[in-house]
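data.cif follows; it contains mmCIF, C-alpha atoms.
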```cif
data_upload
#
loop_
_atom_site.label_atom_id
_atom_site.label_comp_id
_atom_site.auth_asym_id
_atom_site.auth_seq_id
_atom_site.Cartn_x
_atom_site.Cartn_y
_atom_site.Cartn_z
CA MET A 12 84.59 102.38 114.42
CA LEU A 13 88.27 101.79 115.19
CA GLU A 14 87.66 98.06 115.53
CA GLU A 15 85.97 97.94 112.12
CA PHE A 16 88.87 99.78 110.45
CA GLN A 17 91.35 97.48 112.21
CA ARG A 18 89.49 94.31 111.22
CA ILE A 19 89.12 95.27 107.56
CA GLY A 20 92.68 96.66 107.37
CA ARG A 21 94.10 93.45 108.82
CA ASP A 22 92.03 91.33 106.41
CA LEU A 23 93.17 93.44 103.43
CA PHE A 24 96.82 92.94 104.38
CA VAL A 25 96.62 89.27 105.33
CA SER A 26 94.71 88.52 102.10
CA GLY A 27 97.45 90.18 100.04
CA LEU A 28 95.09 92.86 98.75
CA VAL A 29 97.46 95.63 99.90
CA SER A 30 101.15 95.89 100.73
CA SER A 31 102.20 96.80 104.27
CA HIS A 32 101.49 100.51 103.84
CA GLY A 33 99.23 100.39 100.77
CA GLY A 34 95.58 101.17 100.24
CA ASN A 35 93.21 103.25 102.33
CA MET A 36 89.68 103.23 103.73
CA SER A 37 87.12 105.80 104.79
CA VAL A 38 83.61 106.25 106.12
CA ARG A 39 81.29 109.22 105.72
CA LEU A 40 79.79 110.86 108.80
CA GLY A 41 77.45 113.57 107.52
CA ASP A 42 79.65 116.43 106.29
CA ARG A 43 82.84 114.82 107.59
CA ILE A 44 84.84 111.76 106.66
CA VAL A 45 87.08 109.49 108.69
CA ILE A 46 89.94 108.25 106.52
CA THR A 47 93.12 106.34 107.17
CA ARG A 48 96.27 108.37 107.77
CA ARG A 49 98.75 108.99 104.98
CA GLY A 50 101.26 106.13 105.01
CA SER A 51 99.47 104.14 107.69
CA GLN A 52 100.11 100.42 108.02
CA SER A 53 96.83 98.76 106.98
CA GLY A 54 97.28 95.60 109.05
CA GLN A 55 98.29 97.47 112.24
CA LEU A 56 95.94 100.47 112.47
CA THR A 57 95.73 102.43 115.72
CA ALA A 58 93.41 105.25 116.81
CA GLY A 59 96.02 107.75 115.59
CA ASP A 60 95.73 106.32 112.08
CA LEU A 61 92.12 107.47 111.69
CA ILE A 62 91.90 111.08 110.55
CA GLU A 63 88.64 113.04 110.63
CA THR A 64 88.42 115.81 108.08
CA GLU A 65 85.90 117.93 106.18
CA LEU A 66 84.02 116.45 103.26
CA HIS A 67 83.72 119.68 101.27
CA LYS A 68 86.98 121.50 102.01
CA ASN A 69 90.42 121.17 103.54
CA ASP A 70 90.99 121.73 107.24
CA SER A 71 94.01 121.38 109.51
CA ASN A 72 93.80 117.56 109.46
CA ILE A 73 94.18 117.29 105.69
CA MET A 74 97.98 117.07 105.94
CA LEU A 75 97.65 113.79 107.86
CA ALA A 76 94.90 112.27 105.72
CA SER A 77 95.53 109.78 102.92
CA SER A 78 96.78 111.22 99.63
CA GLU A 79 93.65 109.66 98.08
CA THR A 80 91.35 111.95 100.11
CA PRO A 81 90.31 113.92 96.98
CA VAL A 82 89.13 110.66 95.37
CA HIS A 83 87.18 109.64 98.47
CA ARG A 84 85.56 113.09 98.66
CA ALA A 85 84.51 112.98 95.01
CA ILE A 86 83.01 109.51 95.47
CA TYR A 87 80.98 110.60 98.51
CA LEU A 88 79.76 113.73 96.73
CA ASN A 89 78.64 111.80 93.64
CA THR A 90 77.28 108.52 95.05
CA ALA A 91 75.23 107.21 97.99
CA ALA A 92 78.32 105.49 99.45
CA LEU A 93 78.95 105.64 103.19
CA ALA A 94 82.17 103.58 103.08
CA ILE A 95 85.07 103.21 100.63
CA VAL A 96 87.90 100.69 100.38
CA HIS A 97 90.85 101.34 98.07
CA ALA A 98 93.15 98.34 97.58
CA HIS A 99 95.74 96.94 95.17
CA PRO A 100 94.57 93.38 94.33
CA ARG A 101 97.53 91.96 92.39
CA THR A 102 95.81 89.78 89.80
CA ALA A 103 93.17 92.40 89.07
CA VAL A 104 95.89 95.07 88.69
CA ALA A 105 97.66 92.81 86.17
CA PHE A 106 94.44 92.39 84.17
CA SER A 107 93.88 96.17 84.26
CA LEU A 108 97.12 96.56 82.29
CA LEU A 109 95.81 94.27 79.54
CA GLN A 110 92.11 95.01 79.14
CA ASP A 111 89.40 97.65 79.57
CA GLU A 112 87.11 95.59 81.79
CA ILE A 113 87.17 92.52 83.97
CA VAL A 114 84.20 90.21 83.45
CA PRO A 115 84.07 87.42 86.06
CA VAL A 116 83.17 83.91 84.91
CA ASP A 117 82.83 82.32 88.35
CA ASN A 118 79.45 82.15 90.05
CA GLU A 119 80.09 84.55 92.95
CA GLY A 120 81.88 87.12 90.81
CA SER A 121 79.19 86.99 88.13
CA TYR A 122 76.48 87.52 90.75
CA LEU A 123 78.15 90.22 92.87
CA LEU A 124 80.24 92.12 90.34
CA HIS A 125 78.84 91.46 86.84
CA ARG A 126 81.64 93.44 85.23
CA ILE A 127 84.30 95.80 86.50
CA PRO A 128 85.29 98.72 84.29
CA VAL A 129 88.94 99.71 84.05
CA VAL A 130 89.43 103.48 84.02
CA SER A 131 92.56 105.51 83.59
CA SER A 132 93.80 109.02 84.17
CA PRO A 133 97.04 110.78 83.21
CA ILE A 134 97.70 110.99 86.95
CA ALA A 135 96.99 107.61 88.55
CA SER A 136 96.29 108.92 92.05
CA GLY A 137 95.01 111.93 93.98
CA THR A 138 93.05 114.83 92.51
CA GLY A 139 93.60 113.91 88.86
CA LEU A 140 91.86 110.62 89.42
CA ALA A 141 88.91 111.82 91.50
CA GLU A 142 86.44 112.73 88.74
CA VAL A 143 87.14 109.62 86.64
CA VAL A 144 86.59 107.23 89.56
CA ALA A 145 83.56 109.05 90.97
CA THR A 146 81.87 109.06 87.56
CA ALA A 147 82.39 105.30 87.12
CA LEU A 148 81.09 104.58 90.61
CA LYS A 149 77.77 106.21 89.78
CA ARG A 150 77.01 103.02 87.81
CA TYR A 151 79.18 100.40 89.50
CA LYS A 152 80.06 99.43 93.07
CA ILE A 153 83.70 98.74 92.23
CA VAL A 154 86.08 100.10 89.60
CA MET A 155 89.68 99.33 88.64
CA VAL A 156 92.20 102.08 87.97
CA ARG A 157 94.63 100.90 85.31
CA GLY A 158 97.91 99.78 86.85
CA HIS A 159 96.94 101.10 90.27
CA GLY A 160 94.14 99.36 92.14
CA CYS A 161 90.43 99.36 92.84
CA PHE A 162 87.95 101.59 94.63
CA SER A 163 84.84 99.94 96.02
CA ILE A 164 81.85 101.44 97.77
CA GLY A 165 79.22 100.28 100.21
CA GLN A 166 77.13 101.28 103.18
CA LEU A 167 79.68 99.63 105.48
CA LEU A 168 83.42 98.98 105.20
CA GLU A 169 82.68 95.27 105.28
CA GLU A 170 80.46 95.54 102.19
CA ALA A 171 83.15 97.45 100.27
CA TYR A 172 85.79 94.94 101.41
CA GLN A 173 83.67 92.00 100.21
CA LEU A 174 83.67 93.43 96.68
CA VAL A 175 87.46 93.84 96.69
CA SER A 176 87.94 90.28 97.92
CA CYS A 177 85.52 88.95 95.31
CA LEU A 178 87.23 90.92 92.53
CA GLU A 179 90.61 89.37 93.33
CA GLU A 180 89.20 85.86 93.60
CA SER A 181 87.41 86.26 90.25
CA SER A 182 90.59 87.64 88.67
CA GLN A 183 92.60 84.68 89.94
CA ILE A 184 90.03 82.27 88.48
CA LEU A 185 90.27 84.07 85.12
CA TYR A 186 94.05 83.81 85.31
CA TYR A 187 93.90 80.08 86.07
CA LEU A 188 91.51 79.53 83.17
CA ARG A 189 93.83 81.32 80.76
CA THR A 190 96.82 79.40 82.10
CA ILE A 191 95.10 76.02 81.81
CA GLY A 192 93.70 76.86 78.36
CA GLY A 193 90.82 75.25 76.52
CA GLU A 194 87.23 76.28 75.98
CA MET A 195 85.21 77.17 79.07
CA LYS A 196 81.99 75.23 79.65
CA GLU A 197 79.27 77.85 80.08
CA TYR A 198 76.95 77.18 83.01
CA ARG A 199 75.11 80.51 83.38
CA ASP A 200 71.82 81.53 81.82
CA MET A 201 72.03 84.71 79.76
CA SER A 202 75.81 84.98 80.21
CA ASP A 203 76.01 87.05 77.03
CA GLN A 204 74.28 89.84 78.97
CA TYR A 205 77.03 90.09 81.61
CA LYS A 206 79.30 92.33 79.55
CA LYS A 207 76.46 94.84 79.11
CA TRP A 208 75.96 95.43 82.85
#
```

Can you dump the structure from the file as structure tokens?
Amino acid sequence: MLEEFQRIGRDLFVSGLVSSHGGNMSVRLGDRIVITRRGSQSGQLTAGDLIETELHKNDSNIMLASSETPVHRAIYLNTAALAIVHAHPRTAVAFSLLQDEIVPVDNEGSYLLHRIPVVSSPIASGTGLAEVVATALKRYKIVMVRGHGCFSIGQLLEEAYQLVSCLEESSQILYYLRTIGGEMKEYRDMSDQYKKW
């Protein structure tokens, strides 16, 4: 498990999807979760950076666990997820400050993501955010929090990471399209349906 956390954490950092100490990850193990330590360095995780804590209540390890633990708990309690990645993909964060959803136009993003809702909460992290994110993830595998970052779910950390990586790539393509300007040539069948997913 440590190797998987290290591999995904390193990829998140090297890909620019988190800053040196940004983001967090977790996996569910029955009634317990293993989550990255509060303030851990994503690209340099050690065994001491993985904190095991209760799913349903606080225990003595909660003080070491990520500040986003309440969000991770709510997601696990409301979805079938077994792994969560929370990251701060820059281009997607910028779009979250301008619009209420991100709808990819590239082939991979259209296929994997369809559309990504942007949610917001008066408190953009921790307990205040938990219910909003968990509710959105009942219908989607990835969600953006306005001005903050994304939460993605999967059965494995790798699956959740793939969605984050795809979201940022799709957001960059949208940015390039808007920068270049002009009318996009549609190549997808039933593309008008994508915003309804």

- Message: I need the residue nearest A:His125 from this list: A:Val45, A:Ala141, A:Ala105, A:Cys177. Use all atoms listed in the file for the distance.
- Response: A:Cys177

- Between A:Gln52, A:Thr64, A:Thr47, A:Thr90, which has the minimum distance to A:Ser77 (counting only C-alpha atoms)?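 Selected residue with least distance to A:Ser77: A:Thr47.
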
- Enter the distance from atom CA of A:Arg49 to atom CA of A:Leu75, in Å, rounded to one decimal. 5.7 Å

- Using the chain letters and residue numbers of this document, give as a PyMOL selection string the residues selected by the PyMOL selection byres ((chain A and resi 14-17) around 12). chain A and resi 12-13+18-25+35-38+45-48+51-62+94-96+167-172

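You can rank A:Ala85, A:Ile127, A:Leu40, A:Ile153 by their closest distance to A:Phe106 using all atoms listed in the file, and at the top of that list sits A:Ile127.
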